[in-house]
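Q: Contents are PDB, C-alpha atoms, pLDDT in the B column; file name input.pdb:
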ATOM      1  CA  MET A 182      81.404  51.566  66.997  1.00 42.00           C
ATOM      2  CA  THR A 183      82.662  50.405  70.354  1.00 44.00           C
ATOM      3  CA  ASP A 184      83.824  53.798  71.611  1.00 49.00           C
ATOM      4  CA  GLY A 185      83.649  57.439  70.643  1.00 51.00           C
ATOM      5  CA  ALA A 186      87.257  57.663  69.442  1.00 52.00           C
ATOM      6  CA  SER A 187      87.623  54.618  67.177  1.00 59.00           C
ATOM      7  CA  LYS A 188      86.806  54.605  63.487  1.00 59.00           C
ATOM      8  CA  PRO A 189      83.970  52.335  62.309  1.00 61.00           C
ATOM      9  CA  SER A 190      84.894  48.996  60.811  1.00 53.00           C
ATOM     10  CA  ALA A 191      83.734  47.864  57.384  1.00 51.00           C
ATOM     11  CA  ASP A 192      81.138  45.646  59.063  1.00 58.00           C
ATOM     12  CA  GLU A 193      79.811  48.558  61.078  1.00 61.00           C
ATOM     13  CA  LEU A 194      79.426  50.646  57.923  1.00 63.00           C
ATOM     14  CA  ALA A 195      77.482  47.878  56.160  1.00 78.00           C
ATOM     15  CA  LEU A 196      73.847  48.945  56.414  1.00 91.00           C
ATOM     16  CA  SER A 197      71.067  46.486  56.995  1.00 95.00           C
ATOM     17  CA  ALA A 198      67.884  46.769  54.943  1.00 96.00           C
ATOM     18  CA  GLY A 199      65.464  49.439  56.083  1.00 98.00           C
ATOM     19  CA  LEU A 200      64.337  53.026  55.868  1.00 98.00           C
ATOM     20  CA  TYR A 201      66.800  55.470  57.417  1.00 98.00           C
ATOM     21  CA  ILE A 202      65.341  58.813  58.535  1.00 98.00           C
ATOM     22  CA  VAL A 203      68.375  61.071  58.254  1.00 98.00           C
ATOM     23  CA  ALA A 204      68.650  64.578  59.698  1.00 98.00           C
ATOM     24  CA  THR A 205      70.520  67.063  57.513  1.00 98.00           C
ATOM     25  CA  PRO A 206      71.817  70.604  58.235  1.00 98.00           C
ATOM     26  CA  LEU A 207      69.515  73.578  58.710  1.00 97.00           C
ATOM     27  CA  GLY A 208      71.843  75.697  56.600  1.00 94.00           C
ATOM     28  CA  HIS A 209      75.522  75.128  57.373  1.00 96.00           C
ATOM     29  CA  ALA A 210      76.678  72.140  55.333  1.00 96.00           C
ATOM     30  CA  ARG A 211      79.015  70.893  58.080  1.00 97.00           C
ATOM     31  CA  ASP A 212      76.226  70.558  60.659  1.00 98.00           C
ATOM     32  CA  ILE A 213      75.729  66.870  59.905  1.00 98.00           C
ATOM     33  CA  SER A 214      76.780  63.805  61.864  1.00 98.00           C
ATOM     34  CA  LEU A 215      79.458  61.370  60.770  1.00 97.00           C
ATOM     35  CA  ARG A 216      76.910  58.573  60.976  1.00 97.00           C
ATOM     36  CA  ALA A 217      74.521  60.470  58.709  1.00 98.00           C
ATOM     37  CA  LEU A 218      77.277  60.820  56.109  1.00 98.00           C
ATOM     38  CA  ASP A 219      78.057  57.092  56.397  1.00 97.00           C
ATOM     39  CA  VAL A 220      74.392  56.187  55.863  1.00 98.00           C
ATOM     40  CA  LEU A 221      73.902  58.536  52.914  1.00 98.00           C
ATOM     41  CA  ALA A 222      77.035  57.205  51.238  1.00 97.00           C
ATOM     42  CA  ALA A 223      76.148  53.538  51.788  1.00 97.00           C
ATOM     43  CA  ALA A 224      72.406  53.694  51.029  1.00 98.00           C
ATOM     44  CA  ASP A 225      71.076  52.244  47.783  1.00 98.00           C
ATOM     45  CA  MET A 226      68.896  55.300  47.204  1.00 98.00           C
ATOM     46  CA  ILE A 227      68.180  58.639  48.879  1.00 98.00           C
ATOM     47  CA  TYR A 228      64.684  60.071  48.782  1.00 98.00           C
ATOM     48  CA  CYS A 229      64.664  63.866  49.041  1.00 96.00           C
ATOM     49  CA  GLU A 230      62.082  66.570  49.496  1.00 93.00           C
ATOM     50  CA  ASP A 231      63.827  68.475  46.672  1.00 94.00           C
ATOM     51  CA  THR A 232      66.574  66.659  44.758  1.00 96.00           C
ATOM     52  CA  ARG A 233      68.072  69.937  43.525  1.00 96.00           C
ATOM     53  CA  ASN A 234      68.474  71.282  47.039  1.00 94.00           C
ATOM     54  CA  SER A 235      69.858  68.013  48.398  1.00 97.00           C
ATOM     55  CA  ALA A 236      72.300  67.678  45.484  1.00 97.00           C
ATOM     56  CA  LYS A 237      74.273  70.649  46.825  1.00 97.00           C
ATOM     57  CA  LEU A 238      74.711  69.054  50.259  1.00 98.00           C
ATOM     58  CA  LEU A 239      75.614  65.655  48.837  1.00 98.00           C
ATOM     59  CA  ALA A 240      78.111  67.159  46.402  1.00 98.00           C
ATOM     60  CA  TYR A 241      79.735  69.138  49.214  1.00 98.00           C
ATOM     61  CA  HIS A 242      80.378  65.888  51.084  1.00 98.00           C
ATOM     62  CA  GLY A 243      81.339  63.876  47.995  1.00 98.00           C
ATOM     63  CA  ILE A 244      78.320  61.553  48.182  1.00 98.00           C
ATOM     64  CA  LYS A 245      77.204  60.091  44.851  1.00 97.00           C
ATOM     65  CA  THR A 246      74.234  57.949  45.914  1.00 98.00           C
ATOM     66  CA  ALA A 247      71.288  58.169  43.497  1.00 98.00           C
ATOM     67  CA  THR A 248      68.529  60.552  44.596  1.00 98.00           C
ATOM     68  CA  PHE A 249      64.797  60.522  43.959  1.00 98.00           C
ATOM     69  CA  ALA A 250      62.014  62.916  44.901  1.00 97.00           C
ATOM     70  CA  TYR A 251      59.600  62.261  47.740  1.00 96.00           C
ATOM     71  CA  HIS A 252      57.323  65.140  48.711  1.00 93.00           C
ATOM     72  CA  GLU A 253      53.709  65.919  49.486  1.00 90.00           C
ATOM     73  CA  TYR A 254      52.751  66.122  45.812  1.00 93.00           C
ATOM     74  CA  ASN A 255      54.144  62.783  44.637  1.00 94.00           C
ATOM     75  CA  GLY A 256      53.915  60.766  47.854  1.00 91.00           C
ATOM     76  CA  ALA A 257      50.924  58.643  46.861  1.00 93.00           C
ATOM     77  CA  LYS A 258      52.671  57.586  43.639  1.00 96.00           C
ATOM     78  CA  ALA A 259      56.144  57.158  45.144  1.00 96.00           C
ATOM     79  CA  ARG A 260      55.239  55.185  48.280  1.00 96.00           C
ATOM     80  CA  PRO A 261      54.464  51.860  46.538  1.00 97.00           C
ATOM     81  CA  LYS A 262      57.840  51.996  44.760  1.00 97.00           C
ATOM     82  CA  ILE A 263      59.642  52.727  48.021  1.00 98.00           C
ATOM     83  CA  LEU A 264      57.829  49.928  49.849  1.00 98.00           C
ATOM     84  CA  ALA A 265      58.685  47.514  47.035  1.00 98.00           C
ATOM     85  CA  ALA A 266      62.363  48.491  47.271  1.00 98.00           C
ATOM     86  CA  LEU A 267      62.291  47.915  51.024  1.00 98.00           C
ATOM     87  CA  ALA A 268      60.645  44.528  50.479  1.00 98.00           C
ATOM     88  CA  ALA A 269      63.492  43.671  48.099  1.00 98.00           C
ATOM     89  CA  GLY A 270      65.982  44.290  50.915  1.00 98.00           C
ATOM     90  CA  GLN A 271      67.277  47.666  49.868  1.00 98.00           C
ATOM     91  CA  ARG A 272      68.703  50.340  52.175  1.00 98.00           C
ATOM     92  CA  LEU A 273      66.875  53.646  51.658  1.00 98.00           C
ATOM     93  CA  ALA A 274      67.471  57.052  53.201  1.00 98.00           C
ATOM     94  CA  LEU A 275      64.848  59.778  53.574  1.00 98.00           C
ATOM     95  CA  ILE A 276      65.981  63.387  53.975  1.00 97.00           C
ATOM     96  CA  SER A 277      64.213  66.737  53.957  1.00 95.00           C
ATOM     97  CA  ASP A 278      65.407  70.083  52.620  1.00 94.00           C
ATOM     98  CA  ALA A 279      66.726  70.975  56.073  1.00 94.00           C
ATOM     99  CA  GLY A 280      66.713  69.492  59.552  1.00 95.00           C
ATOM    100  CA  THR A 281      64.970  66.348  60.708  1.00 94.00           C
ATOM    101  CA  PRO A 282      62.481  64.697  58.311  1.00 93.00           C
ATOM    102  CA  LEU A 283      58.811  64.573  59.348  1.00 88.00           C
ATOM    103  CA  ILE A 284      59.163  67.674  61.555  1.00 84.00           C
ATOM    104  CA  SER A 285      56.772  69.874  59.554  1.00 76.00           C
ATOM    105  CA  ASP A 286      57.887  67.914  56.475  1.00 76.00           C
ATOM    106  CA  PRO A 287      56.333  65.108  54.403  1.00 79.00           C
ATOM    107  CA  GLY A 288      57.033  61.496  55.303  1.00 91.00           C
ATOM    108  CA  MET A 289      54.582  60.425  58.009  1.00 93.00           C
ATOM    109  CA  LYS A 290      52.498  58.218  55.682  1.00 94.00           C
ATOM    110  CA  LEU A 291      55.626  56.587  54.306  1.00 96.00           C
ATOM    111  CA  VAL A 292      56.923  55.745  57.775  1.00 97.00           C
ATOM    112  CA  ARG A 293      53.523  54.439  58.869  1.00 96.00           C
ATOM    113  CA  ASP A 294      53.178  52.251  55.770  1.00 96.00           C
ATOM    114  CA  ALA A 295      56.744  50.963  56.024  1.00 98.00           C
ATOM    115  CA  ARG A 296      56.304  50.088  59.690  1.00 97.00           C
ATOM    116  CA  ALA A 297      52.958  48.400  59.003  1.00 98.00           C
ATOM    117  CA  ALA A 298      54.692  46.289  56.348  1.00 98.00           C
ATOM    118  CA  GLY A 299      57.255  45.163  58.902  1.00 98.00           C
ATOM    119  CA  HIS A 300      60.253  47.104  57.580  1.00 98.00           C
ATOM    120  CA  ALA A 301      62.904  48.515  59.903  1.00 98.00           C
ATOM    121  CA  ILE A 302      62.765  52.285  60.486  1.00 98.00           C
ATOM    122  CA  ILE A 303      66.048  53.720  61.749  1.00 98.00           C
ATOM    123  CA  ALA A 304      66.495  57.250  63.097  1.00 98.00           C
ATOM    124  CA  ILE A 305      69.749  59.055  62.281  1.00 98.00           C
ATOM    125  CA  PRO A 306      69.354  62.123  64.514  1.00 98.00           C
ATOM    126  CA  GLY A 307      70.777  65.571  64.042  1.00 97.00           C
ATOM    127  CA  ALA A 308      69.744  69.160  63.402  1.00 97.00           C
ATOM    128  CA  SER A 309      66.218  70.309  64.234  1.00 96.00           C
ATOM    129  CA  ALA A 310      65.095  73.934  63.949  1.00 96.00           C
ATOM    130  CA  PRO A 311      62.670  73.845  66.918  1.00 97.00           C
ATOM    131  CA  ILE A 312      65.341  72.475  69.259  1.00 97.00           C
ATOM    132  CA  ALA A 313      68.065  74.779  67.929  1.00 98.00           C
ATOM    133  CA  ALA A 314      65.779  77.794  68.373  1.00 98.00           C
ATOM    134  CA  LEU A 315      64.865  76.763  71.913  1.00 98.00           C
ATOM    135  CA  SER A 316      68.517  76.364  72.834  1.00 98.00           C
ATOM    136  CA  VAL A 317      69.360  79.985  71.978  1.00 98.00           C
ATOM    137  CA  SER A 318      66.063  81.662  72.900  1.00 98.00           C
ATOM    138  CA  GLY A 319      66.546  81.972  76.634  1.00 98.00           C
ATOM    139  CA  LEU A 320      62.928  80.866  77.076  1.00 98.00           C
ATOM    140  CA  PRO A 321      61.862  77.885  79.224  1.00 97.00           C
ATOM    141  CA  SER A 322      62.787  74.646  77.461  1.00 96.00           C
ATOM    142  CA  ASP A 323      61.854  72.029  80.050  1.00 96.00           C
ATOM    143  CA  ARG A 324      58.342  71.966  78.607  1.00 96.00           C
ATOM    144  CA  PHE A 325      57.366  73.100  75.119  1.00 98.00           C
ATOM    145  CA  THR A 326      54.847  72.499  72.332  1.00 98.00           C
ATOM    146  CA  PHE A 327      55.794  72.512  68.665  1.00 97.00           C
ATOM    147  CA  ALA A 328      52.894  73.511  66.414  1.00 97.00           C
ATOM    148  CA  GLY A 329      54.627  73.853  63.031  1.00 96.00           C
ATOM    149  CA  PHE A 330      53.065  76.259  60.552  1.00 96.00           C
ATOM    150  CA  LEU A 331      49.724  77.779  61.531  1.00 97.00           C
ATOM    151  CA  PRO A 332      47.074  78.492  58.863  1.00 97.00           C
ATOM    152  CA  PRO A 333      47.911  81.473  56.628  1.00 96.00           C
ATOM    153  CA  LYS A 334      44.567  83.266  57.004  1.00 97.00           C
ATOM    154  CA  THR A 335      43.913  85.489  60.029  1.00 97.00           C
ATOM    155  CA  ALA A 336      40.686  83.874  61.263  1.00 98.00           C
ATOM    156  CA  ALA A 337      42.028  80.336  60.979  1.00 98.00           C
ATOM    157  CA  ARG A 338      45.356  81.334  62.521  1.00 98.00           C
ATOM    158  CA  GLN A 339      43.653  82.951  65.506  1.00 98.00           C
ATOM    159  CA  SER A 340      41.479  79.858  65.907  1.00 98.00           C
ATOM    160  CA  ALA A 341      44.599  77.678  65.928  1.00 98.00           C
ATOM    161  CA  LEU A 342      46.175  79.916  68.569  1.00 98.00           C
ATOM    162  CA  GLU A 343      42.999  79.645  70.670  1.00 98.00           C
ATOM    163  CA  GLY A 344      43.425  75.872  70.493  1.00 98.00           C
ATOM    164  CA  LEU A 345      46.972  76.220  71.831  1.00 98.00           C
ATOM    165  CA  LYS A 346      45.971  78.102  74.976  1.00 96.00           C
ATOM    166  CA  SER A 347      46.014  74.878  76.961  1.00 94.00           C
ATOM    167  CA  ALA A 348      49.696  74.460  76.020  1.00 93.00           C
ATOM    168  CA  ARG A 349      50.717  77.835  77.490  1.00 94.00           C
ATOM    169  CA  GLY A 350      52.268  76.072  80.490  1.00 95.00           C
ATOM    170  CA  GLY A 351      55.404  75.820  78.372  1.00 97.00           C
ATOM    171  CA  THR A 352      57.013  77.598  75.447  1.00 98.00           C
ATOM    172  CA  LEU A 353      55.148  77.456  72.139  1.00 98.00           C
ATOM    173  CA  VAL A 354      57.299  76.936  69.044  1.00 98.00           C
ATOM    174  CA  LEU A 355      55.988  77.833  65.582  1.00 98.00           C
ATOM    175  CA  PHE A 356      57.276  78.135  62.045  1.00 98.00           C
ATOM    176  CA  GLU A 357      56.237  81.104  59.925  1.00 98.00           C
ATOM    177  CA  ALA A 358      56.953  82.585  56.522  1.00 97.00           C
ATOM    178  CA  ALA A 359      58.806  85.903  56.670  1.00 97.00           C
ATOM    179  CA  ARG A 360      56.048  87.698  54.771  1.00 97.00           C
ATOM    180  CA  ARG A 361      53.483  86.704  57.424  1.00 98.00           C
ATOM    181  CA  LEU A 362      55.536  87.425  60.557  1.00 98.00           C
ATOM    182  CA  ALA A 363      53.898  90.808  61.251  1.00 97.00           C
ATOM    183  CA  ALA A 364      50.416  89.311  60.911  1.00 98.00           C
ATOM    184  CA  LEU A 365      51.357  86.419  63.220  1.00 98.00           C
ATOM    185  CA  LEU A 366      52.598  88.845  65.892  1.00 98.00           C
ATOM    186  CA  ASP A 367      49.290  90.733  65.649  1.00 98.00           C
ATOM    187  CA  ASP A 368      47.331  87.502  66.068  1.00 98.00           C
ATOM    188  CA  ILE A 369      49.442  86.339  69.005  1.00 98.00           C
ATOM    189  CA  GLU A 370      48.665  89.635  70.742  1.00 98.00           C
ATOM    190  CA  ALA A 371      44.962  89.359  69.904  1.00 98.00           C
ATOM    191  CA  VAL A 372      44.699  85.846  71.380  1.00 98.00           C
ATOM    192  CA  PHE A 373      47.314  85.766  74.167  1.00 98.00           C
ATOM    193  CA  GLY A 374      47.725  89.442  75.014  1.00 97.00           C
ATOM    194  CA  ALA A 375      51.127  90.807  75.986  1.00 96.00           C
ATOM    195  CA  CYS A 376      53.879  88.175  76.097  1.00 96.00           C
ATOM    196  CA  GLU A 377      57.579  87.668  75.507  1.00 98.00           C
ATOM    197  CA  ILE A 378      58.534  86.469  72.043  1.00 98.00           C
ATOM    198  CA  CYS A 379      61.732  85.193  70.476  1.00 99.00           C
ATOM    199  CA  VAL A 380      62.151  85.248  66.702  1.00 99.00           C
ATOM    200  CA  ALA A 381      64.952  83.011  65.437  1.00 98.00           C
ATOM    201  CA  ARG A 382      65.762  83.733  61.802  1.00 98.00           C
ATOM    202  CA  GLU A 383      68.067  81.927  59.369  1.00 97.00           C
ATOM    203  CA  LEU A 384      69.485  79.594  62.015  1.00 97.00           C
ATOM    204  CA  THR A 385      73.080  78.459  61.283  1.00 97.00           C
ATOM    205  CA  LYS A 386      73.205  80.594  58.124  1.00 96.00           C
ATOM    206  CA  THR A 387      75.221  83.702  57.303  1.00 95.00           C
ATOM    207  CA  PHE A 388      72.493  86.121  58.382  1.00 95.00           C
ATOM    208  CA  GLU A 389      71.357  84.290  61.518  1.00 97.00           C
ATOM    209  CA  GLU A 390      69.460  86.588  63.855  1.00 98.00           C
ATOM    210  CA  ILE A 391      67.899  85.975  67.275  1.00 98.00           C
ATOM    211  CA  LYS A 392      65.603  88.714  68.597  1.00 98.00           C
ATOM    212  CA  ASN A 393      63.809  88.644  71.955  1.00 98.00           C
ATOM    213  CA  GLY A 394      61.312  91.178  73.175  1.00 98.00           C
ATOM    214  CA  SER A 395      57.714  92.161  73.624  1.00 98.00           C
ATOM    215  CA  ILE A 396      55.310  91.977  70.715  1.00 98.00           C
ATOM    216  CA  ASP A 397      55.461  95.768  70.321  1.00 97.00           C
ATOM    217  CA  GLU A 398      59.268  95.762  70.325  1.00 98.00           C
ATOM    218  CA  LEU A 399      59.496  93.030  67.728  1.00 98.00           C
ATOM    219  CA  ARG A 400      56.755  94.535  65.605  1.00 97.00           C
ATOM    220  CA  ASP A 401      58.673  97.836  65.476  1.00 98.00           C
ATOM    221  CA  TYR A 402      62.004  96.137  64.833  1.00 98.00           C
ATOM    222  CA  PHE A 403      60.806  94.017  61.925  1.00 98.00           C
ATOM    223  CA  LYS A 404      58.911  96.948  60.450  1.00 96.00           C
ATOM    224  CA  ALA A 405      62.241  98.766  60.266  1.00 98.00           C
ATOM    225  CA  HIS A 406      64.149  95.611  59.254  1.00 97.00           C
ATOM    226  CA  PRO A 407      61.856  93.502  57.019  1.00 96.00           C
ATOM    227  CA  PRO A 408      62.650  89.840  57.706  1.00 96.00           C
ATOM    228  CA  ARG A 409      63.784  87.301  55.151  1.00 96.00           C
ATOM    229  CA  GLY A 410      64.482  83.605  55.210  1.00 95.00           C
ATOM    230  CA  GLU A 411      63.382  80.782  57.495  1.00 95.00           C
ATOM    231  CA  ILE A 412      61.733  81.881  60.738  1.00 98.00           C
ATOM    232  CA  THR A 413      60.991  80.117  64.016  1.00 98.00           C
ATOM    233  CA  VAL A 414      58.799  81.957  66.518  1.00 99.00           C
ATOM    234  CA  LEU A 415      58.835  81.084  70.222  1.00 99.00           C
ATOM    235  CA  ILE A 416      56.189  82.327  72.643  1.00 99.00           C
ATOM    236  CA  ALA A 417      57.103  82.364  76.334  1.00 98.00           C
ATOM    237  CA  PRO A 418      54.598  80.987  78.870  1.00 97.00           C
ATOM    238  CA  PRO A 419      52.798  83.495  81.091  1.00 94.00           C
ATOM    239  CA  ARG A 420      54.788  84.559  84.128  1.00 85.00           C
TER     240      ARG A 420
END
Could you express the structure from this file as structure tokens?
A:
Amino acid sequence: MTDGASKPSADELALSAGLYIVATPLGHARDISLRALDVLAAADMIYCEDTRNSAKLLAYHGIKTATFAYHEYNGAKARPKILAALAAGQRLALISDAGTPLISDPGMKLVRDARAAGHAIIAIPGASAPIAALSVSGLPSDRFTFAGFLPPKTAARQSALEGLKSARGGTLVLFEAARRLAALLDDIEAVFGACEICVARELTKTFEEIKNGSIDELRDYFKAHPPRGEITVLIAPPR
């Protein structure tokens, strides 16, 4: 497109061969870029973390491109087929269940192998839970570290937090399962001591909730209001 107001021409919508890494909504189906919709509609195939989950989004937007599974359990088997399709000049899209692929999602090995084979890798940016959570947290966002999911067991989780102490100059951003939130708060206190926390829950969804406070305040709140859904935890740097 030559400017932000004009509609794309047919030539501009014609995709070149390559692997398109396409960001999809965190929860609200309309939180997707026009370019992402163009790519998903024009691609030869879409590889999804979960085809059943992605089918709902694609149906909502009237996209009928064929979908295939690509996830951590079938990656080794699926990658050769994907690389062969790229070598044949096909246009492939990779999406995750929500947000930007490869951000705590499978796909790194595929991108590395595709790049090593000389195929084009094209980013189609959009929603990302860590960035969305930072934007509404009120915590420092000029410097941050994203650590994804920490180990589920207490000892390993505390060890991982110890390893993140050097990153405390900025905000730490983590993902956590709702059932382990209370244990994570306990471990943050054990390793970092008192600190300000933001818990961003169900971002962009019907029951979105953003709670800031001390560890004690959040521990009490979520004891009274057991959390559900997708959770991003942000830890403020020391003052």
Q: Hey, which of A:Gly410, A:Gly344, A:Pro321, A:Pro287 ends up closest to Glu383 (chain A)? Count all atoms listed in the file.
A: A:Gly410
Q: Can you work out which one of A:Ala224, A:Ala210, A:Ala198, A:Ile303 has the shortest atom-to-atom distance to Ala236 (chain A), counting only C-alpha atoms?
A: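 Under the stated criterion, the closest residue is A:Ala210.
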Q: Using only C-alpha atoms, which residues sit within 8 Å of Ala274 (chain A) once same-chain residues fewer than 2 positions away are excluded, as a PyMOL selection string?
A: chain A and resi 200-203+220-221+224+226-228+272+276
Q: When you look at region 295-301 of chain A with a cut-off of 9 Å (counting all atoms listed in the file), what residues show up, excluding the ones that are within fewer than 2 positions of it in the same chain? I need them as a short mmCIF file (atom, residue, chain, number, x, y, z; two decimals) with C-alpha atoms, in the frame of the given file.
A:
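As a result, selection-v1.cif now contains:
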data_model
loop_
_atom_site.label_atom_id
_atom_site.label_comp_id
_atom_site.auth_asym_id
_atom_site.auth_seq_id
_atom_site.Cartn_x
_atom_site.Cartn_y
_atom_site.Cartn_z
CA SER A 197 71.07 46.49 57.00
CA ALA A 198 67.88 46.77 54.94
CA GLY A 199 65.46 49.44 56.08
CA LEU A 200 64.34 53.03 55.87
CA TYR A 201 66.80 55.47 57.42
CA ARG A 260 55.24 55.18 48.28
CA ILE A 263 59.64 52.73 48.02
CA LEU A 264 57.83 49.93 49.85
CA LEU A 267 62.29 47.92 51.02
CA ALA A 268 60.64 44.53 50.48
CA LYS A 290 52.50 58.22 55.68
CA LEU A 291 55.63 56.59 54.31
CA VAL A 292 56.92 55.74 57.78
CA ARG A 293 53.52 54.44 58.87
CA ILE A 303 66.05 53.72 61.75
#
Q: Could you check the closest approach to Arg420 (chain A) for each of A:Gly351, A:Pro408, A:Pro311, A:Pro333 and tell me which residue wins, using all atoms listed in the file?
A: A:Gly351
Q: Counting all atoms listed in the file, which of A:Phe327, A:Phe373, A:Tyr241, A:Phe388 gets nearest to Ser285 (chain A)?
A: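 When distances to Ser285 (chain A) are compared using all atoms listed in the file, the smallest one comes from A:Phe327.
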Q: Where atoms are missing, can you supply N, CA and C atoms for region 405-416 of chain A and output the lot as a compact mmCIF listing (two decimals), keeping the file's coordinate frame?
A:
# COMPACT_ATOMS: atom_id res chain seq x y z
N ALA A 405 61.06 98.02 60.72
CA ALA A 405 62.24 98.77 60.27
C ALA A 405 63.25 97.87 59.55
N HIS A 406 63.21 96.57 59.86
CA HIS A 406 64.15 95.61 59.25
C HIS A 406 63.34 94.42 58.72
N PRO A 407 62.72 94.57 57.55
CA PRO A 407 61.86 93.50 57.02
C PRO A 407 62.58 92.16 57.00
N PRO A 408 61.97 91.14 57.59
CA PRO A 408 62.65 89.84 57.71
C PRO A 408 62.66 89.07 56.39
N ARG A 409 63.68 88.23 56.27
CA ARG A 409 63.78 87.30 55.15
C ARG A 409 64.19 85.94 55.69
N GLY A 410 63.99 84.93 54.87
CA GLY A 410 64.48 83.60 55.21
C GLY A 410 63.56 82.79 56.10
N GLU A 411 64.13 81.73 56.67
CA GLU A 411 63.38 80.78 57.50
C GLU A 411 63.23 81.34 58.90
N ILE A 412 62.01 81.26 59.44
CA ILE A 412 61.73 81.88 60.74
C ILE A 412 61.08 80.89 61.69
N THR A 413 61.60 80.86 62.92
CA THR A 413 60.99 80.12 64.02
C THR A 413 60.58 81.13 65.07
N VAL A 414 59.34 81.03 65.52
CA VAL A 414 58.80 81.96 66.52
C VAL A 414 58.54 81.19 67.81
N LEU A 415 59.03 81.72 68.92
CA LEU A 415 58.84 81.08 70.22
C LEU A 415 58.07 82.04 71.13
N ILE A 416 57.05 81.52 71.79
CA ILE A 416 56.19 82.33 72.64
C ILE A 416 56.38 81.85 74.08
